[in-house]
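Q: Below is the file query_25.pdb, which contains PDB, C-alpha atoms.
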```
ATOM      1  CA  MET A 181      34.272-134.519  43.311
ATOM      2  CA  ALA A 182      35.310-134.708  39.640
ATOM      3  CA  LEU A 183      36.672-131.141  39.781
ATOM      4  CA  LEU A 184      38.599-132.010  42.921
ATOM      5  CA  PHE A 185      40.037-135.051  41.128
ATOM      6  CA  LEU A 186      41.152-132.844  38.207
ATOM      7  CA  LEU A 187      42.889-130.495  40.643
ATOM      8  CA  TYR A 188      44.643-133.467  42.209
ATOM      9  CA  ARG A 189      45.692-134.797  38.804
ATOM     10  CA  TYR A 190      47.275-131.576  37.574
ATOM     11  CA  PHE A 191      48.787-130.668  40.946
ATOM     12  CA  PRO A 192      49.923-134.044  42.299
ATOM     13  CA  ALA A 193      50.113-134.314  46.071
ATOM     14  CA  GLU A 194      52.289-137.131  47.312
ATOM     15  CA  GLY A 195      51.064-138.892  50.415
ATOM     16  CA  PHE A 196      47.405-137.960  49.879
ATOM     17  CA  GLN A 197      46.191-141.566  49.929
ATOM     18  CA  LYS A 198      48.273-142.406  53.004
ATOM     19  CA  GLU A 199      46.833-139.495  54.974
ATOM     20  CA  LEU A 200      43.327-140.272  53.731
ATOM     21  CA  PHE A 201      43.423-143.763  55.225
ATOM     22  CA  ARG A 202      44.846-142.464  58.525
ATOM     23  CA  LEU A 203      41.853-140.235  59.286
ATOM     24  CA  ARG A 204      40.699-140.217  62.889
ATOM     25  CA  LEU A 205      36.966-140.729  63.225
ATOM     26  CA  ALA A 206      36.249-138.832  66.471
ATOM     27  CA  PRO A 207      37.345-135.327  65.274
ATOM     28  CA  LEU A 208      35.575-135.978  61.963
ATOM     29  CA  LEU A 209      32.270-136.743  63.701
ATOM     30  CA  LEU A 210      32.655-133.688  65.941
ATOM     31  CA  ALA A 211      33.297-131.544  62.846
ATOM     32  CA  ALA A 212      30.141-132.901  61.195
ATOM     33  CA  LEU A 213      28.064-132.108  64.287
ATOM     34  CA  GLY A 214      29.670-128.665  64.504
ATOM     35  CA  TYR A 215      28.879-127.961  60.846
ATOM     36  CA  LEU A 216      25.221-128.782  61.381
ATOM     37  CA  ALA A 217      25.176-126.662  64.561
ATOM     38  CA  ILE A 218      26.583-123.496  62.952
ATOM     39  CA  GLN A 219      23.755-123.560  60.422
ATOM     40  CA  LEU A 220      21.615-122.257  63.282
ATOM     41  CA  ALA A 221      23.377-118.871  62.989
ATOM     42  CA  ALA A 222      22.580-118.721  59.259
ATOM     43  CA  SER A 223      18.976-119.738  59.974
ATOM     44  CA  LEU A 224      18.612-116.976  62.573
ATOM     45  CA  ARG A 225      19.901-114.404  60.071
ATOM     46  CA  PHE A 226      17.346-115.601  57.529
ATOM     47  CA  SER A 227      14.681-115.311  60.237
ATOM     48  CA  LEU A 228      15.686-111.654  60.725
ATOM     49  CA  ALA A 229      15.260-110.998  57.001
ATOM     50  CA  LEU A 230      11.862-112.691  57.023
ATOM     51  CA  GLY A 231      10.685-110.580  59.946
ATOM     52  CA  ALA A 232      11.851-107.389  58.227
ATOM     53  CA  MET A 233       9.746-108.262  55.165
ATOM     54  CA  GLY A 234       6.620-109.017  57.200
ATOM     55  CA  PHE A 235       6.828-112.813  57.421
ATOM     56  CA  ARG A 236       6.126-114.571  60.708
ATOM     57  CA  VAL A 237       7.678-118.029  60.502
ATOM     58  CA  PRO A 238       8.429-120.424  63.401
ATOM     59  CA  LEU A 239      12.159-120.925  63.926
ATOM     60  CA  ALA A 240      11.873-124.674  63.346
ATOM     61  CA  ARG A 241      10.362-123.959  59.923
ATOM     62  CA  VAL A 242      13.108-121.444  59.119
ATOM     63  CA  ILE A 243      15.776-124.054  59.942
ATOM     64  CA  HIS A 244      13.859-126.493  57.750
ATOM     65  CA  LEU A 245      13.891-124.052  54.814
ATOM     66  CA  HIS A 246      17.555-123.224  55.364
ATOM     67  CA  PHE A 247      18.638-126.847  55.058
ATOM     68  CA  VAL A 248      16.477-127.239  51.962
ATOM     69  CA  SER A 249      18.342-124.245  50.509
ATOM     70  CA  LEU A 250      21.663-126.018  51.219
ATOM     71  CA  PHE A 251      20.535-128.775  48.866
ATOM     72  CA  PHE A 252      19.637-126.364  46.056
ATOM     73  CA  ASN A 253      22.834-124.351  46.587
ATOM     74  CA  MET A 254      24.671-127.253  44.943
ATOM     75  CA  LEU A 255      22.881-126.674  41.630
ATOM     76  CA  LEU A 256      23.301-123.049  40.522
ATOM     77  CA  PRO A 257      26.319-120.681  40.298
ATOM     78  CA  GLY A 258      27.029-118.478  43.289
ATOM     79  CA  GLY A 259      24.807-120.554  45.570
ATOM     80  CA  ILE A 260      21.661-118.756  44.338
ATOM     81  CA  GLY A 261      19.755-122.027  44.073
ATOM     82  CA  GLY A 262      19.058-121.811  47.795
ATOM     83  CA  ASP A 263      17.673-118.280  47.425
ATOM     84  CA  ALA A 264      15.358-119.438  44.646
ATOM     85  CA  ALA A 265      14.152-122.378  46.756
ATOM     86  CA  LYS A 266      13.421-120.115  49.734
ATOM     87  CA  GLY A 267      11.397-117.739  47.582
ATOM     88  CA  TYR A 268       9.549-120.645  45.967
ATOM     89  CA  TYR A 269       8.362-122.082  49.269
ATOM     90  CA  LEU A 270       7.625-118.691  50.811
ATOM     91  CA  ARG A 271       5.312-117.784  47.938
ATOM     92  CA  ALA A 272       2.551-119.932  49.470
ATOM     93  CA  SER A 273       2.311-117.584  52.458
ATOM     94  CA  SER A 274       2.045-114.344  50.502
ATOM     95  CA  ASP A 275      -0.254-112.966  47.855
ATOM     96  CA  HIS A 276       2.831-112.120  45.797
ATOM     97  CA  TRP A 277       5.609-114.660  45.344
ATOM     98  CA  GLY A 278       8.134-111.870  44.717
ATOM     99  CA  LYS A 279       7.992-110.903  48.391
ATOM    100  CA  GLY A 280       9.588-114.231  49.330
ATOM    101  CA  ILE A 281      12.384-113.702  46.803
ATOM    102  CA  LEU A 282      12.998-110.212  48.204
ATOM    103  CA  ALA A 283      13.282-111.718  51.708
ATOM    104  CA  ALA A 284      15.919-114.151  50.400
ATOM    105  CA  LEU A 285      17.736-111.246  48.687
ATOM    106  CA  LEU A 286      17.704-109.277  51.955
ATOM    107  CA  ASP A 287      19.303-112.252  53.724
ATOM    108  CA  ARG A 288      21.946-112.409  50.969
ATOM    109  CA  TYR A 289      22.532-108.656  51.375
ATOM    110  CA  LEU A 290      23.071-109.022  55.141
ATOM    111  CA  GLY A 291      25.570-111.826  54.587
ATOM    112  CA  LEU A 292      27.443-110.104  51.750
ATOM    113  CA  VAL A 293      27.839-106.784  53.573
ATOM    114  CA  SER A 294      29.073-108.589  56.688
ATOM    115  CA  LEU A 295      31.442-110.810  54.694
ATOM    116  CA  THR A 296      32.907-107.816  52.835
ATOM    117  CA  ALA A 297      33.432-105.945  56.101
ATOM    118  CA  LEU A 298      35.053-109.044  57.606
ATOM    119  CA  ALA A 299      37.408-109.304  54.633
ATOM    120  CA  LEU A 300      38.423-105.632  54.894
ATOM    121  CA  ALA A 301      38.990-105.868  58.648
ATOM    122  CA  SER A 302      40.946-109.117  58.226
ATOM    123  CA  GLY A 303      43.084-107.591  55.462
ATOM    124  CA  ILE A 304      43.953-104.616  57.670
ATOM    125  CA  MET A 305      44.765-107.001  60.507
ATOM    126  CA  LEU A 306      47.013-109.248  58.411
ATOM    127  CA  HIS A 307      48.915-106.464  56.622
ATOM    128  CA  THR A 308      49.537-104.166  59.593
ATOM    129  CA  PRO A 309      52.773-105.259  61.328
ATOM    130  CA  GLY A 310      51.680-103.879  64.680
ATOM    131  CA  LEU A 311      48.392-105.794  64.625
ATOM    132  CA  ARG A 312      49.473-109.101  63.102
ATOM    133  CA  GLY A 313      49.256-111.832  65.700
ATOM    134  CA  ALA A 314      47.621-109.497  68.214
ATOM    135  CA  ALA A 315      44.343-110.090  70.023
ATOM    136  CA  PRO A 316      41.288-110.159  67.738
ATOM    137  CA  LEU A 317      39.658-107.142  69.423
ATOM    138  CA  PRO A 318      41.065-104.483  66.990
ATOM    139  CA  TRP A 319      39.772-106.109  63.811
ATOM    140  CA  ILE A 320      36.443-107.051  65.443
ATOM    141  CA  LEU A 321      35.956-103.367  66.300
ATOM    142  CA  GLY A 322      36.943-102.437  62.740
ATOM    143  CA  PHE A 323      34.481-104.996  61.398
ATOM    144  CA  LEU A 324      31.627-103.511  63.453
ATOM    145  CA  VAL A 325      32.500 -99.960  62.334
ATOM    146  CA  LEU A 326      32.599-100.972  58.663
ATOM    147  CA  THR A 327      29.317-102.870  58.932
ATOM    148  CA  SER A 328      27.504-100.063  60.734
ATOM    149  CA  SER A 329      28.451 -97.646  57.928
ATOM    150  CA  ALA A 330      26.665 -99.701  55.247
ATOM    151  CA  PRO A 331      23.146 -98.279  55.888
ATOM    152  CA  TYR A 332      24.468 -94.754  55.311
ATOM    153  CA  ALA A 333      25.736 -95.786  51.864
ATOM    154  CA  LEU A 334      22.129 -96.562  50.937
ATOM    155  CA  ARG A 335      21.218 -92.970  51.756
ATOM    156  CA  ALA A 336      23.127 -91.855  48.653
ATOM    157  CA  GLY A 337      20.569 -90.762  46.100
ATOM    158  CA  TRP A 338      22.180 -92.451  43.092
ATOM    159  CA  LEU A 339      22.584 -95.819  44.849
ATOM    160  CA  ARG A 340      19.069 -95.716  46.245
ATOM    161  CA  GLY A 341      17.781 -94.856  42.772
ATOM    162  CA  ILE A 342      19.559 -97.835  41.190
ATOM    163  CA  LEU A 343      18.175-100.192  43.828
ATOM    164  CA  ARG A 344      14.662 -98.786  43.538
ATOM    165  CA  ARG A 345      14.649 -99.092  39.748
ATOM    166  CA  GLY A 346      16.081-102.619  39.755
ATOM    167  CA  LEU A 347      13.965-103.973  42.595
ATOM    168  CA  GLY A 348      10.957-101.986  41.390
ATOM    169  CA  ARG A 349      10.987-103.701  37.993
ATOM    170  CA  PHE A 350      11.342-107.072  39.657
ATOM    171  CA  ALA A 351       8.528-106.289  42.099
ATOM    172  CA  TRP A 352       6.279-105.074  39.264
ATOM    173  CA  ALA A 353       6.950-108.237  37.244
ATOM    174  CA  SER A 354       6.207-110.468  40.244
ATOM    175  CA  GLY A 355       3.201-108.489  41.440
ATOM    176  CA  ALA A 356       4.852-107.419  44.712
ATOM    177  CA  THR A 357       4.105-103.730  44.223
ATOM    178  CA  GLY A 358       5.629-101.626  46.972
ATOM    179  CA  ALA A 359       7.900-104.431  48.163
ATOM    180  CA  ALA A 360      10.998-102.775  46.654
ATOM    181  CA  ASP A 361      10.726 -99.712  48.901
ATOM    182  CA  GLU A 362       9.954-101.987  51.840
ATOM    183  CA  GLY A 363      13.125-103.984  51.131
ATOM    184  CA  ILE A 364      15.249-100.821  50.852
ATOM    185  CA  ARG A 365      13.853 -99.505  54.138
ATOM    186  CA  ALA A 366      14.696-102.822  55.800
ATOM    187  CA  ALA A 367      18.247-102.751  54.376
ATOM    188  CA  ARG A 368      18.775 -99.297  55.888
ATOM    189  CA  ARG A 369      17.987-100.364  59.459
ATOM    190  CA  PRO A 370      21.247-100.268  61.478
ATOM    191  CA  ARG A 371      19.848-102.632  64.118
ATOM    192  CA  LEU A 372      18.951-105.264  61.522
ATOM    193  CA  LEU A 373      22.377-104.991  59.903
ATOM    194  CA  ALA A 374      24.162-105.146  63.271
ATOM    195  CA  LEU A 375      22.301-108.320  64.275
ATOM    196  CA  GLY A 376      22.988-109.845  60.856
ATOM    197  CA  ALA A 377      26.681-108.981  61.203
ATOM    198  CA  ILE A 378      26.895-110.616  64.645
ATOM    199  CA  LEU A 379      25.272-113.794  63.319
ATOM    200  CA  THR A 380      27.572-113.840  60.272
ATOM    201  CA  LEU A 381      30.593-113.398  62.535
ATOM    202  CA  SER A 382      29.317-116.240  64.747
ATOM    203  CA  TYR A 383      28.907-118.455  61.690
ATOM    204  CA  TYR A 384      32.491-118.001  60.501
ATOM    205  CA  MET A 385      33.924-118.286  64.005
ATOM    206  CA  GLY A 386      32.096-121.604  64.360
ATOM    207  CA  SER A 387      33.275-122.627  60.895
ATOM    208  CA  SER A 388      36.866-122.037  62.029
ATOM    209  CA  VAL A 389      36.337-124.498  64.887
ATOM    210  CA  VAL A 390      34.966-127.031  62.384
ATOM    211  CA  HIS A 391      38.090-126.657  60.238
ATOM    212  CA  LEU A 392      40.352-127.056  63.268
ATOM    213  CA  LEU A 393      38.587-130.366  63.951
ATOM    214  CA  LEU A 394      38.982-131.380  60.292
ATOM    215  CA  GLY A 395      42.699-130.641  60.582
ATOM    216  CA  LYS A 396      42.964-132.737  63.739
ATOM    217  CA  ALA A 397      41.335-135.629  61.886
ATOM    218  CA  PHE A 398      44.496-136.033  59.767
ATOM    219  CA  GLY A 399      47.053-134.612  62.192
ATOM    220  CA  ALA A 400      47.365-131.011  60.941
ATOM    221  CA  GLU A 401      47.707-128.459  63.738
ATOM    222  CA  LEU A 402      45.934-125.294  62.588
ATOM    223  CA  GLU A 403      45.819-122.024  64.516
ATOM    224  CA  TYR A 404      42.422-120.469  65.106
ATOM    225  CA  TRP A 405      42.717-116.857  63.917
ATOM    226  CA  PRO A 406      44.885-117.478  60.825
ATOM    227  CA  THR A 407      42.386-120.190  59.841
ATOM    228  CA  PHE A 408      39.538-117.728  60.374
ATOM    229  CA  HIS A 409      41.165-115.140  58.082
ATOM    230  CA  LEU A 410      41.801-117.743  55.378
ATOM    231  CA  LEU A 411      38.193-118.940  55.521
ATOM    232  CA  ILE A 412      36.983-115.385  54.876
ATOM    233  CA  VAL A 413      39.065-115.283  51.682
ATOM    234  CA  VAL A 414      37.776-118.716  50.630
ATOM    235  CA  ALA A 415      34.191-117.572  51.278
ATOM    236  CA  LEU A 416      34.664-114.490  49.085
ATOM    237  CA  VAL A 417      36.111-116.597  46.261
ATOM    238  CA  SER A 418      33.301-119.146  46.484
ATOM    239  CA  SER A 419      30.656-116.390  46.362
ATOM    240  CA  LEU A 420      31.678-115.480  42.798
ATOM    241  CA  PRO A 421      29.028-116.778  40.349
ATOM    242  CA  LEU A 422      31.385-118.826  38.157
ATOM    243  CA  LEU A 423      30.634-122.536  38.588
ATOM    244  CA  PRO A 424      27.561-124.447  39.845
ATOM    245  CA  GLY A 425      27.632-124.380  43.631
ATOM    246  CA  ALA A 426      31.088-122.715  43.426
ATOM    247  CA  HIS A 427      32.614-126.207  43.325
ATOM    248  CA  GLY A 428      36.122-126.152  41.937
ATOM    249  CA  GLN A 429      36.840-122.505  42.717
ATOM    250  CA  ARG A 430      36.280-123.164  46.433
ATOM    251  CA  GLU A 431      38.514-126.241  46.415
ATOM    252  CA  ALA A 432      41.215-124.423  44.429
ATOM    253  CA  ALA A 433      41.124-121.600  46.987
ATOM    254  CA  TYR A 434      41.535-124.137  49.791
ATOM    255  CA  VAL A 435      44.571-125.708  48.133
ATOM    256  CA  VAL A 436      46.266-122.388  47.300
ATOM    257  CA  MET A 437      45.543-120.622  50.600
ATOM    258  CA  PHE A 438      46.329-123.455  52.991
ATOM    259  CA  THR A 439      49.451-124.516  51.065
ATOM    260  CA  ALA A 440      50.681-120.925  51.401
ATOM    261  CA  TYR A 441      49.727-121.090  55.079
ATOM    262  CA  GLY A 442      52.157-123.957  55.626
ATOM    263  CA  LEU A 443      50.276-127.202  55.085
ATOM    264  CA  SER A 444      51.653-129.736  52.654
ATOM    265  CA  ARG A 445      49.874-130.036  49.335
ATOM    266  CA  SER A 446      48.428-133.414  50.291
ATOM    267  CA  GLN A 447      47.069-131.962  53.551
ATOM    268  CA  SER A 448      45.527-129.013  51.690
ATOM    269  CA  PHE A 449      43.834-131.368  49.229
ATOM    270  CA  LEU A 450      42.566-133.507  52.085
ATOM    271  CA  LEU A 451      41.204-130.449  53.901
ATOM    272  CA  ALA A 452      39.436-129.347  50.693
ATOM    273  CA  ALA A 453      37.940-132.835  50.278
ATOM    274  CA  LEU A 454      36.725-132.935  53.889
ATOM    275  CA  ALA A 455      35.238-129.430  53.614
ATOM    276  CA  LEU A 456      33.422-130.563  50.469
ATOM    277  CA  GLY A 457      32.187-133.535  52.487
ATOM    278  CA  MET A 458      30.649-131.137  55.022
ATOM    279  CA  LEU A 459      28.800-129.368  52.194
ATOM    280  CA  LEU A 460      27.559-132.710  50.901
ATOM    281  CA  LEU A 461      26.371-133.565  54.413
ATOM    282  CA  GLY A 462      24.309-130.374  54.516
ATOM    283  CA  ALA A 463      22.955-131.124  51.038
ATOM    284  CA  VAL A 464      21.946-134.661  52.058
ATOM    285  CA  VAL A 465      20.089-133.348  55.115
ATOM    286  CA  GLY A 466      18.508-130.661  52.936
ATOM    287  CA  GLY A 467      17.477-133.215  50.313
ATOM    288  CA  PHE A 468      15.794-135.343  52.965
ATOM    289  CA  LEU A 469      13.948-132.316  54.351
ATOM    290  CA  TYR A 470      13.003-131.285  50.811
ATOM    291  CA  LEU A 471      11.225-134.598  50.332
ATOM    292  CA  THR A 472       9.375-134.149  53.616
ATOM    293  CA  LEU A 473       8.466-130.574  52.628
ATOM    294  CA  ARG A 474       6.968-131.789  49.364
ATOM    295  CA  ALA A 475       4.972-134.415  51.217
ATOM    296  CA  SER A 476       3.673-131.874  53.759
ATOM    297  CA  ARG A 477       0.372-130.169  53.028
ATOM    298  CA  GLU A 478       0.663-127.607  55.808
ATOM    299  CA  ASP A 479       3.382-125.046  55.107
ATOM    300  CA  GLY A 480       3.123-123.401  58.542
ATOM    301  CA  LEU A 481       3.927-119.961  57.111
ATOM    302  CA  THR A 482       2.006-116.770  57.777
ATOM    303  CA  ILE A 483       2.609-113.207  56.706
ATOM    304  CA  GLN A 484       1.727-110.022  58.506
ATOM    305  CA  ARG A 485       0.258-107.745  55.851
ATOM    306  CA  PRO A 486       1.556-104.182  56.196
ATOM    307  CA  THR A 487      -0.891-101.306  56.319
ATOM    308  CA  LEU A 488      -1.122 -99.491  52.985
ATOM    309  CA  VAL A 489      -0.221 -95.811  53.282
ATOM    310  CA  SER A 490      -1.131 -93.463  50.448
TER     311      SER A 490
END
```
Represent the structure of the file as structure tokens.

A:
Amino acid sequence: MALLFLLYRYFPAEGFQKELFRLRLAPLLLAALGYLAIQLAASLRFSLALGAMGFRVPLARVIHLHFVSLFFNMLLPGGIGGDAAKGYYLRASSDHWGKGILAALLDRYLGLVSLTALALASGIMLHTPGLRGAAPLPWILGFLVLTSSAPYALRAGWLRGILRRGLGRFAWASGATGAADEGIRAARRPRLLALGAILTLSYYMGSSVVHLLLGKAFGAELEYWPTFHLLIVVALVSSLPLLPGAHGQREAAYVVMFTAYGLSRSQSFLLAALALGMLLLGAVVGGFLYLTLRASREDGLTIQRPTLVS
């Protein structure tokens, strides 16, 4: 909030207070419910990563862990606090705590590959005169083609060698011997990547609906697909490991992108503040679940041990 205040101070937005006090409650409540609902897509993607690494976790427990990770995402640059929290709580279900971290890294890999492919497809869509403003089918097809090509990149010997050396050292240090190759094999499964891409696409499509509702709360009429493309850019900017929780860089991206889109500066600041409020809502829910997780003695996690092959 302090970083948002500094942005507001150095880039004054007239009418911000007036629009703030004219917020409509109904769209705001619907946006909050929508934000909590789209976390199901992220939880399902994490469940896919867990299954690929041998974990068998009930979906309710995965959702629980995901919201706990939203709380810890506020603390470390690039949102890696959530990954650390997931690995920490998964360690109880495995003989080697590093296996839980590798599952969280696989989930991050699925999201990053999908987000990069979305950004490339969106960029082609926005900068091709014949496609701009057309139906979303062309860039969705391009997104699926780009995503499906990612497993073949891991077949390159030099890239596979870098991953094996890096993950191998981590796995050796954490005691998860053999987990590095298991993680690379999982990352090369086209079916796993395709399902992760569909869930990532669903997440950002739902997030666009949430932002349309946030805009309606203060009278801004946003269009769906331009908002979707802008959110992809904001997501890429906020994934850079610069500031704790990416706060400040995310809000600056909101102000710059949506002001260029056509909103007034005060509306862009208000949209950034409301989007930050959605993140705080997720963190509050995650903090509450974190306290219940600490108080719980039964972690409810099991792992299917793979057969060792010489």

Q: So the first atom is atom CA of A:Ala232 and the second is atom CA of A:Tyr470; what is the distance between them in Å, to one decimal place?

A: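 These two atoms are separated by 25.0 Å.
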
Q: Could you check which of A:Gly442, A:Gly280, A:Gly376, A:Gly262 is closest to A:Gly467, using only C-alpha atoms?

A: A:Gly262

Q: Work out how far apart atom CA of A:Gly462 and atom CA of A:Arg241 are and give it in Å to one decimal.

A: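 If I compute the distance from atom CA of A:Gly462 to atom CA of A:Arg241, I get 16.3 Å.
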
Q: Between atom CA of A:Ser302 and atom CA of A:Tyr289, what is the distance, to one decimal in Å?

A: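 Separation of atom CA of A:Ser302 and atom CA of A:Tyr289: 19.7 Å.
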
Q: Residues within 6 Å of stretch 449-458 of chain A, please, as number ranges by chain. Count all atoms listed in the file; anything in the same chain fewer than 3 positions from it doesn't count.

A: A: 431, 434-435, 446, 461

Q: Given only C-alpha atoms as the basis, pick out the residue of A:Gly291, A:Gly214, A:Gly231, A:Gly466 nearest to A:Thr380.

A: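 Smallest separation from A:Thr380 among the options: A:Gly291.
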
Q: Go through A:Phe235, A:Met437, A:Ala299, A:Ser223 one by one, measure the shortest atom-to-atom distance of each to A:Arg271 using all atoms listed in the file, and give the residue with the smallest value.

A: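 Checking each candidate against A:Arg271, we get A:Phe235 as the closest.
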
Q: List the neighbours of A:Glu401 out to 12 Å using only C-alpha atoms; skip same-chain residues closer than 6 positions along the sequence, and give me the result as a PyMOL selection string.

A: chain A and resi 391-395+407+438+441-444+447+451

Q: Please provide the set of residues having any atom within 7 Å of A:Pro207, restricted to only C-alpha atoms, with same-chain residues fewer than 2 positions apart removed, written as a PyMOL selection string.

A: chain A and resi 204-205+209-211+393-394+396-397

Q: Which residue gives the smallest distance to A:Leu375 among A:Ile281, A:Ile243, A:Val237, A:Ala222, with all atoms listed in the file counted?

A: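 Answer, going by the shortest atom-to-atom distance: A:Ala222.
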
Q: What are the centre and the three edge lengths of an axis-aligned box that wraps all atoms of stretch 369-373 of chain A in the file, given that 8 Å is added to every side, written as lines of an AutoDock Vina configuration file and rounded to one decimal in Å?

A:
```
center_x = 20.2
center_y = -102.8
center_z = 61.8
size_x = 20.4
size_y = 21.0
size_z = 20.7
```

Q: Given the PyMOL selection byres ((chain A and resi 469) around 10) and the file above, list the residues it selects as a PDB file with C-alpha atoms, in the coordinates of the input.

A:
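What ended up in out26.pdb:
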```pdb
ATOM      1  CA  HIS A 244      13.859-126.493  57.750  1.00  0.00           C
ATOM      2  CA  LEU A 245      13.891-124.052  54.814  1.00  0.00           C
ATOM      3  CA  HIS A 246      17.555-123.224  55.364  1.00  0.00           C
ATOM      4  CA  PHE A 247      18.638-126.847  55.058  1.00  0.00           C
ATOM      5  CA  VAL A 248      16.477-127.239  51.962  1.00  0.00           C
ATOM      6  CA  SER A 249      18.342-124.245  50.509  1.00  0.00           C
ATOM      7  CA  PHE A 251      20.535-128.775  48.866  1.00  0.00           C
ATOM      8  CA  ALA A 463      22.955-131.124  51.038  1.00  0.00           C
ATOM      9  CA  VAL A 464      21.946-134.661  52.058  1.00  0.00           C
ATOM     10  CA  VAL A 465      20.089-133.348  55.115  1.00  0.00           C
ATOM     11  CA  GLY A 466      18.508-130.661  52.936  1.00  0.00           C
ATOM     12  CA  GLY A 467      17.477-133.215  50.313  1.00  0.00           C
ATOM     13  CA  PHE A 468      15.794-135.343  52.965  1.00  0.00           C
ATOM     14  CA  TYR A 470      13.003-131.285  50.811  1.00  0.00           C
ATOM     15  CA  LEU A 471      11.225-134.598  50.332  1.00  0.00           C
ATOM     16  CA  THR A 472       9.375-134.149  53.616  1.00  0.00           C
ATOM     17  CA  LEU A 473       8.466-130.574  52.628  1.00  0.00           C
ATOM     18  CA  ARG A 474       6.968-131.789  49.364  1.00  0.00           C
ATOM     19  CA  ALA A 475       4.972-134.415  51.217  1.00  0.00           C
TER      20      ALA A 475
END
```

Q: Counting only C-alpha atoms, find residues at most 8 Å from (17.7, -111.9, 58.0) (file frame) and give them as a ChimeraX atom specification.

A: /A:224-232,283,286-287,290,372,376

Q: Just the residues within 10 Å of A:Gly386, please, counting only C-alpha atoms, with nothing from its chain fewer than 3 positions along; format it as number ranges by chain.

A: A: 214-215, 217-219, 221, 380-383, 389-392, 408

Q: Looking at all atoms listed in the file, which of A:Leu208, A:Gly261, A:Leu295, A:Met254 is the one that sits closest to A:Leu379?

A: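 Comparing A:Leu208, A:Gly261, A:Leu295, A:Met254 against A:Leu379, the winner is A:Leu295.
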
Q: Assuming the input is short of atoms at stretch 405-419 of chain A, produce N, CA and C atoms for that part as a compact mmCIF listing (two decimals), in the coordinates of the input.

A:
```txt
# COMPACT_ATOMS: atom_id res chain seq x y z
N TRP A 405 42.96 -118.12 64.62
CA TRP A 405 42.72 -116.86 63.92
C TRP A 405 43.28 -116.84 62.50
N PRO A 406 44.47 -117.38 62.24
CA PRO A 406 44.88 -117.48 60.82
C PRO A 406 43.91 -118.30 59.98
N THR A 407 43.38 -119.39 60.56
CA THR A 407 42.39 -120.19 59.84
C THR A 407 41.13 -119.37 59.57
N PHE A 408 40.71 -118.58 60.54
CA PHE A 408 39.54 -117.73 60.37
C PHE A 408 39.74 -116.76 59.21
N HIS A 409 40.90 -116.10 59.16
CA HIS A 409 41.16 -115.14 58.08
C HIS A 409 41.18 -115.83 56.72
N LEU A 410 41.76 -117.02 56.65
CA LEU A 410 41.80 -117.74 55.38
C LEU A 410 40.41 -118.16 54.93
N LEU A 411 39.55 -118.54 55.87
CA LEU A 411 38.19 -118.94 55.52
C LEU A 411 37.39 -117.77 54.95
N ILE A 412 37.66 -116.56 55.43
CA ILE A 412 36.98 -115.38 54.88
C ILE A 412 37.34 -115.22 53.40
N VAL A 413 38.63 -115.39 53.08
CA VAL A 413 39.06 -115.28 51.68
C VAL A 413 38.41 -116.38 50.84
N VAL A 414 38.40 -117.60 51.36
CA VAL A 414 37.78 -118.72 50.63
C VAL A 414 36.29 -118.44 50.40
N ALA A 415 35.61 -117.87 51.41
CA ALA A 415 34.19 -117.57 51.28
C ALA A 415 33.94 -116.52 50.20
N LEU A 416 34.81 -115.51 50.13
CA LEU A 416 34.66 -114.49 49.08
C LEU A 416 34.86 -115.09 47.70
N VAL A 417 35.86 -115.96 47.56
CA VAL A 417 36.11 -116.60 46.26
C VAL A 417 34.93 -117.48 45.86
N SER A 418 34.39 -118.23 46.81
CA SER A 418 33.30 -119.15 46.48
C SER A 418 31.99 -118.42 46.23
N SER A 419 31.89 -117.13 46.62
CA SER A 419 30.66 -116.39 46.36
C SER A 419 30.59 -115.85 44.94
```
